[in-house]
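Structure below is start.txt: compact mmCIF, C-alpha atoms.
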```
# COMPACT_ATOMS: atom_id res chain seq x y z
CA MET A 1 -49.02 70.67 128.29
CA ALA A 2 -50.66 72.37 131.23
CA PRO A 3 -54.43 72.64 130.81
CA PRO A 4 -56.50 74.95 133.00
CA ARG A 5 -57.13 73.26 136.31
CA ASP A 6 -60.90 73.53 135.86
CA ARG A 7 -60.60 71.04 132.98
CA LEU A 8 -59.35 68.44 135.41
CA GLY A 9 -62.35 68.53 137.73
CA GLU A 10 -62.30 68.55 141.51
CA PRO A 11 -59.08 67.89 143.45
CA VAL A 12 -58.91 64.44 145.05
CA ARG A 13 -55.44 64.13 146.57
CA THR A 14 -52.04 65.82 146.47
CA PHE A 15 -48.81 63.80 146.45
CA ASP A 16 -46.22 66.35 147.60
CA GLY A 17 -42.64 65.23 147.07
CA ARG A 18 -41.31 68.53 148.44
CA ALA A 19 -42.39 67.80 152.01
CA ALA A 20 -40.80 64.34 151.97
CA SER A 21 -37.61 65.79 150.48
CA ARG A 22 -37.43 68.48 153.17
CA ARG A 23 -37.81 65.87 155.93
CA THR A 24 -35.09 63.73 154.40
CA TRP A 25 -32.66 66.64 154.10
CA ALA A 26 -33.38 67.65 157.70
CA TRP A 27 -32.55 64.17 158.99
CA LEU A 28 -29.41 64.01 156.87
CA ALA A 29 -28.25 67.37 158.20
CA LEU A 30 -28.92 66.50 161.85
CA LEU A 31 -27.29 63.09 161.69
CA GLY A 32 -24.37 64.36 159.61
CA LEU A 33 -23.65 67.20 162.01
CA ALA A 34 -23.88 64.85 164.99
CA ALA A 35 -21.40 62.46 163.36
CA LEU A 36 -18.96 65.28 162.57
CA ALA A 37 -19.25 66.76 166.06
CA LEU A 38 -18.47 63.45 167.77
CA ILE A 39 -15.34 62.64 165.78
CA PRO A 40 -13.05 65.32 167.35
CA ALA A 41 -14.35 64.48 170.80
CA ALA A 42 -13.74 60.77 170.24
CA ILE A 43 -10.18 61.41 169.03
CA ALA A 44 -9.44 63.66 172.01
CA TYR A 45 -10.74 61.13 174.54
CA LEU A 46 -8.85 58.29 172.87
CA ASN A 47 -5.62 60.32 172.91
CA ASP A 48 -6.14 60.85 176.62
CA ARG A 49 -6.72 57.09 177.02
CA LEU A 50 -10.23 57.68 178.28
CA TRP A 51 -11.39 54.51 176.52
CA TRP A 52 -14.72 54.31 178.30
CA VAL A 53 -15.72 57.65 176.73
CA GLY A 54 -13.74 57.71 173.50
CA VAL A 55 -14.79 54.30 172.17
CA PRO A 56 -18.56 54.87 172.62
CA ALA A 57 -18.21 58.34 171.05
CA LEU A 58 -16.42 56.85 168.04
CA VAL A 59 -18.94 54.04 167.66
CA LEU A 60 -21.80 56.53 167.91
CA SER A 61 -20.29 58.79 165.27
CA MET A 62 -19.89 55.81 162.96
CA GLY A 63 -23.52 54.85 163.60
CA TYR A 64 -24.72 58.34 162.71
CA ALA A 65 -22.60 58.30 159.54
CA GLY A 66 -24.04 54.91 158.61
CA ALA A 67 -27.56 56.24 159.15
CA VAL A 68 -26.80 59.11 156.78
CA GLY A 69 -25.74 56.65 154.09
CA TRP A 70 -28.76 54.41 154.69
CA ILE A 71 -31.27 57.26 154.46
CA ALA A 72 -29.58 58.72 151.38
CA GLY A 73 -29.66 55.33 149.67
CA ARG A 74 -33.24 54.62 150.63
CA ASP A 75 -34.82 57.98 149.84
CA ARG A 76 -32.42 59.40 147.22
CA PRO A 77 -33.14 63.01 148.22
CA ARG A 78 -33.46 65.61 145.51
CA VAL A 79 -32.87 69.34 145.68
CA ARG A 80 -36.38 70.03 144.44
CA GLY A 81 -39.25 67.57 144.70
CA ARG A 82 -42.20 67.19 142.39
CA VAL A 83 -45.86 67.53 143.27
CA ALA A 84 -48.59 65.40 141.68
CA CYS A 85 -52.23 66.39 142.00
CA LEU A 86 -54.95 63.85 141.36
CA TYR A 87 -58.28 65.22 140.16
CA THR A 88 -61.62 63.62 139.35
CA GLY A 89 -60.98 64.31 135.67
CA GLY A 90 -57.24 63.98 135.31
CA LEU A 91 -53.72 64.44 136.62
CA ALA A 92 -51.27 67.34 136.99
CA VAL A 93 -47.57 67.13 137.90
CA SER A 94 -45.35 70.13 138.63
CA GLY A 95 -41.65 70.32 139.42
CA PRO A 96 -38.28 71.63 138.24
CA GLY A 97 -39.16 70.80 134.63
CA GLY A 98 -42.39 72.79 134.67
CA GLU A 99 -45.98 71.62 134.86
CA ALA A 100 -47.83 69.00 132.87
CA GLY A 101 -51.51 68.23 133.15
CA TYR A 102 -53.85 65.93 131.27
CA THR A 103 -57.45 64.87 131.41
CA TRP A 104 -58.08 61.13 131.57
CA ASP A 105 -59.21 61.09 127.94
CA GLU A 106 -55.85 62.59 126.90
CA LEU A 107 -53.88 59.68 128.37
CA VAL A 108 -53.53 56.69 126.05
CA SER A 109 -51.11 54.24 127.67
CA VAL A 110 -49.47 53.31 130.98
CA THR A 111 -46.46 51.06 131.58
CA VAL A 112 -45.86 49.88 135.15
CA ALA A 113 -42.50 48.70 136.45
CA GLY A 114 -41.73 47.43 139.93
CA VAL A 115 -37.97 47.46 140.37
CA PRO A 116 -36.64 45.40 143.31
CA GLY A 117 -33.52 46.34 145.17
CA GLY A 118 -34.67 49.10 147.49
CA PRO A 119 -33.58 49.03 151.16
CA GLY A 120 -35.27 46.25 153.07
CA GLY A 121 -36.39 44.59 149.85
CA ARG A 122 -38.62 47.53 149.03
CA ILE A 123 -39.96 47.75 145.48
CA ARG A 124 -39.29 50.97 143.60
CA TRP A 125 -42.30 51.71 141.42
CA ARG A 126 -42.03 53.43 138.04
CA PHE A 127 -44.87 54.53 135.78
CA ALA A 128 -44.50 55.76 132.19
CA ILE A 129 -47.69 57.50 131.05
CA VAL A 130 -48.10 58.34 127.36
CA ALA A 131 -50.42 61.18 126.31
CA ASP A 132 -52.18 61.55 122.99
CA ASP A 133 -49.75 64.31 121.97
CA GLY A 134 -46.86 61.83 122.21
CA SER A 135 -45.36 63.20 125.43
CA VAL A 136 -44.40 60.82 128.23
CA LEU A 137 -45.01 61.60 131.89
CA ARG A 138 -42.80 59.56 134.21
CA LEU A 139 -43.66 58.99 137.86
CA GLY A 140 -41.10 57.60 140.30
CA ASP A 141 -40.31 57.39 143.98
CA ASP A 142 -39.56 61.10 144.19
CA ILE A 143 -43.34 61.32 144.58
CA PRO A 144 -44.67 59.87 147.86
CA ASP A 145 -47.12 56.96 147.61
CA VAL A 146 -46.38 56.80 143.89
CA ARG A 147 -47.77 53.27 143.66
CA ILE A 148 -51.21 54.47 144.79
CA LEU A 149 -51.06 57.34 142.30
CA GLY A 150 -49.80 55.20 139.42
CA VAL A 151 -52.32 52.42 139.95
CA THR A 152 -55.13 55.00 139.99
CA VAL A 153 -53.92 56.43 136.69
CA ALA A 154 -53.60 52.92 135.20
CA GLU A 155 -57.15 52.10 136.24
CA GLU A 156 -58.51 55.29 134.69
CA VAL A 157 -56.66 54.67 131.42
CA THR A 158 -57.74 51.03 131.41
CA ALA A 159 -61.37 52.05 131.84
CA ARG A 160 -61.07 54.00 128.58
CA ILE A 161 -58.90 51.61 126.59
CA VAL A 162 -60.82 48.39 127.15
CA PRO A 163 -64.23 49.40 125.71
CA ARG A 164 -62.57 50.51 122.44
CA ARG A 165 -60.49 47.35 122.20
CA LEU A 166 -63.46 45.15 123.08
CA ALA A 167 -65.53 46.78 120.33
CA ALA A 168 -62.74 46.01 117.84
CA VAL A 169 -62.61 42.36 118.92
CA ARG A 170 -66.40 42.09 118.65
CA ALA A 171 -66.09 43.38 115.09
CA GLY A 172 -63.69 40.54 114.30
CA GLU A 173 -60.51 42.61 114.36
CA PRO A 174 -57.32 41.38 116.06
CA VAL A 175 -56.17 43.65 118.88
CA ARG A 176 -52.45 43.95 119.62
CA LEU A 177 -51.33 44.78 123.18
CA GLY A 178 -47.60 44.40 123.76
CA PRO A 179 -46.47 41.00 122.43
CA PHE A 180 -50.01 39.58 122.65
CA THR A 181 -52.79 39.54 120.08
CA VAL A 182 -56.36 39.12 121.30
CA ARG A 183 -59.05 37.70 119.02
CA LEU A 184 -62.53 36.28 119.42
CA GLY A 185 -60.98 32.85 119.02
CA GLY A 186 -58.19 33.19 121.56
CA VAL A 187 -54.94 34.91 122.50
CA GLU A 188 -51.57 34.66 120.73
CA LYS A 189 -47.91 35.44 121.42
CA ASP A 190 -44.92 34.77 119.17
CA GLY A 191 -46.88 32.38 117.00
CA GLU A 192 -48.27 30.40 119.94
CA ARG A 193 -52.05 30.50 120.19
CA LEU A 194 -54.36 29.54 123.02
CA PRO A 195 -58.08 29.25 122.34
CA TRP A 196 -60.20 30.66 125.14
CA ASN A 197 -61.31 27.21 126.29
CA ALA A 198 -57.63 26.44 126.95
CA VAL A 199 -57.08 29.59 129.06
CA ARG A 200 -57.37 29.12 132.80
CA ASP A 201 -56.61 32.71 133.87
CA VAL A 202 -54.82 35.90 132.84
CA ALA A 203 -52.95 37.71 135.61
CA ILE A 204 -50.14 40.07 136.56
CA GLU A 205 -48.00 38.55 139.28
CA ASN A 206 -44.34 38.51 140.35
CA GLY A 207 -43.46 41.07 137.68
CA LEU A 208 -44.90 38.96 134.85
CA VAL A 209 -47.99 39.07 132.67
CA THR A 210 -49.11 35.45 132.34
CA VAL A 211 -51.82 33.77 130.32
CA HIS A 212 -52.23 30.64 132.40
CA ALA A 213 -53.07 27.67 130.22
CA ARG A 214 -55.01 24.59 131.23
CA PRO A 215 -53.03 21.34 131.70
CA GLY A 216 -51.43 20.11 128.51
CA ARG A 217 -50.76 23.57 127.08
CA MET A 218 -47.93 26.07 127.65
CA ASP A 219 -48.44 29.41 129.40
CA LEU A 220 -47.87 32.63 127.45
CA ILE A 221 -45.62 34.96 129.45
CA THR A 222 -43.98 38.37 129.16
CA VAL A 223 -42.30 40.84 131.54
CA ALA A 224 -44.82 43.35 132.90
CA SER A 225 -42.36 46.28 132.94
CA GLN A 226 -41.80 45.83 129.19
CA MET A 227 -45.49 45.73 128.30
CA PRO A 228 -47.58 48.89 128.02
CA ASP A 229 -51.15 48.58 129.29
CA ALA A 230 -50.66 45.23 130.98
CA LEU A 231 -53.67 45.91 133.21
CA ALA A 232 -55.85 46.69 130.18
CA PHE A 233 -54.70 43.44 128.56
CA THR A 234 -55.78 41.32 131.53
CA VAL A 235 -59.17 43.03 131.75
CA LEU A 236 -59.72 42.70 127.99
CA CYS A 237 -58.84 39.00 128.06
CA HIS A 238 -61.34 38.29 130.82
CA GLN A 239 -64.09 40.14 128.96
CA VAL A 240 -63.37 38.50 125.60
CA ARG A 241 -63.21 35.05 127.20
CA GLU A 242 -66.61 35.64 128.81
CA LEU A 243 -67.93 36.82 125.46
CA ALA A 244 -66.56 33.73 123.69
CA GLU A 245 -67.94 31.36 126.33
CA SER A 246 -71.41 32.92 126.17
CA SER A 247 -71.67 32.80 122.37
```

Could you write out this structure as structure tokens?
Amino acid sequence: MAPPRDRLGEPVRTFDGRAASRRTWAWLALLGLAALALIPAAIAYLNDRLWWVGVPALVLSMGYAGAVGWIAGRDRPRVRGRVACLYTGGLAVSGPGGEAGYTWDELVSVTVAGVPGGPGGRIRWRFAIVADDGSVLRLGDDIPDVRILGVTVAEEVTARIVPRRLAAVRAGEPVRLGPFTVRLGGVEKDGERLPWNAVRDVAIENGLVTVHARPGRMDLITVASQMPDALAFTVLCHQVRELAESS
């Protein structure tokens, strides 16, 4: 789906994966050519027993080759990058697969995953955004600053999900978010229930969504990357707990 851009409001920021991809390919080409150029020279100098020149040339070529591998592993360059445009009223993403654009009201769910294992312990962020037509928009590290973009989208979706869910809870209906069920009387998971007076906090930390219980009770925990709308769940819990405590 690609709505007219005027439906999305004013542009806020562009996350251009093409520029980052071009820079990565340029560095790979320069370092790769330097490594290839030094190898024949190193071999020639070593054959002539000019160790003081041949050994440094060989070591340098190996260093350049190692840098090529490190950059390729870190940035995973693609032939064609994607571009995400953030607007006041929505989001548009264009790339090899075409263009998709949605207003905030057309987005119904966001799942956030922080995958460890990047170079230097870097976290690779993944966002799966579900639209009301059933399509899924996936954002990954081919888009620069994807964490900033994904968190912004999650906050916008949360701002629309929570009021509807809170109204349902107020009306006495149970609200299911991932493995949790939120009620006026407390929060449940897998048959375990915590009344709100036994809940110390609800937070997302270290890749987990945790309902922290007061001493004497067990925490309720799930993996954040496997739970859609984890942010909305934490916000809803805080609001329902305040509602329960004030009644």

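Atom pair CA of Ala167 in chain A / CA of Glu106 in chain A has a distance of 19.7 Å (rounded to one decimal).
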
Checklist entry - Near range 201-215 of chain A, counting only C-alpha atoms, which residues have an atom at most 8 Å away, once you skip same-chain residues fewer than 2 positions from it, shown as number ranges by chain? => result A: 113-114, 194, 198-199, 217-225, 230-231, 234, 237-238

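Taking CA of Ile148 in chain A as the reference point, CA of Pro11 in chain A is found at 15.6 Å.
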
Item to check | Coordinates-based distance that separates CA of Glu156 in chain A from CA of Pro144 in chain A (Å, one decimal) | outcome: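 Result for CA of Pro144 in chain A versus CA of Glu156 in chain A: 19.6 Å, one decimal.
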
Which neighbours of Val83 in chain A fall inside 7 Å, counting all atoms listed in the file, when residues of the same chain fewer than 6 positions from it are skipped, and could you give them as a PDB file with C-alpha atoms, in the frame of the given file?
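And here's result.pdb as it stands now:
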```pdb
ATOM      1  CA  PHE A  15     -48.810  63.800 146.450  1.00  0.00           C
ATOM      2  CA  ASP A  16     -46.220  66.350 147.600  1.00  0.00           C
ATOM      3  CA  GLY A  17     -42.640  65.230 147.070  1.00  0.00           C
ATOM      4  CA  ARG A  18     -41.310  68.530 148.440  1.00  0.00           C
ATOM      5  CA  VAL A  93     -47.570  67.130 137.900  1.00  0.00           C
ATOM      6  CA  SER A  94     -45.350  70.130 138.630  1.00  0.00           C
ATOM      7  CA  GLY A  95     -41.650  70.320 139.420  1.00  0.00           C
ATOM      8  CA  ILE A 143     -43.340  61.320 144.580  1.00  0.00           C
TER       9      ILE A 143
END
```
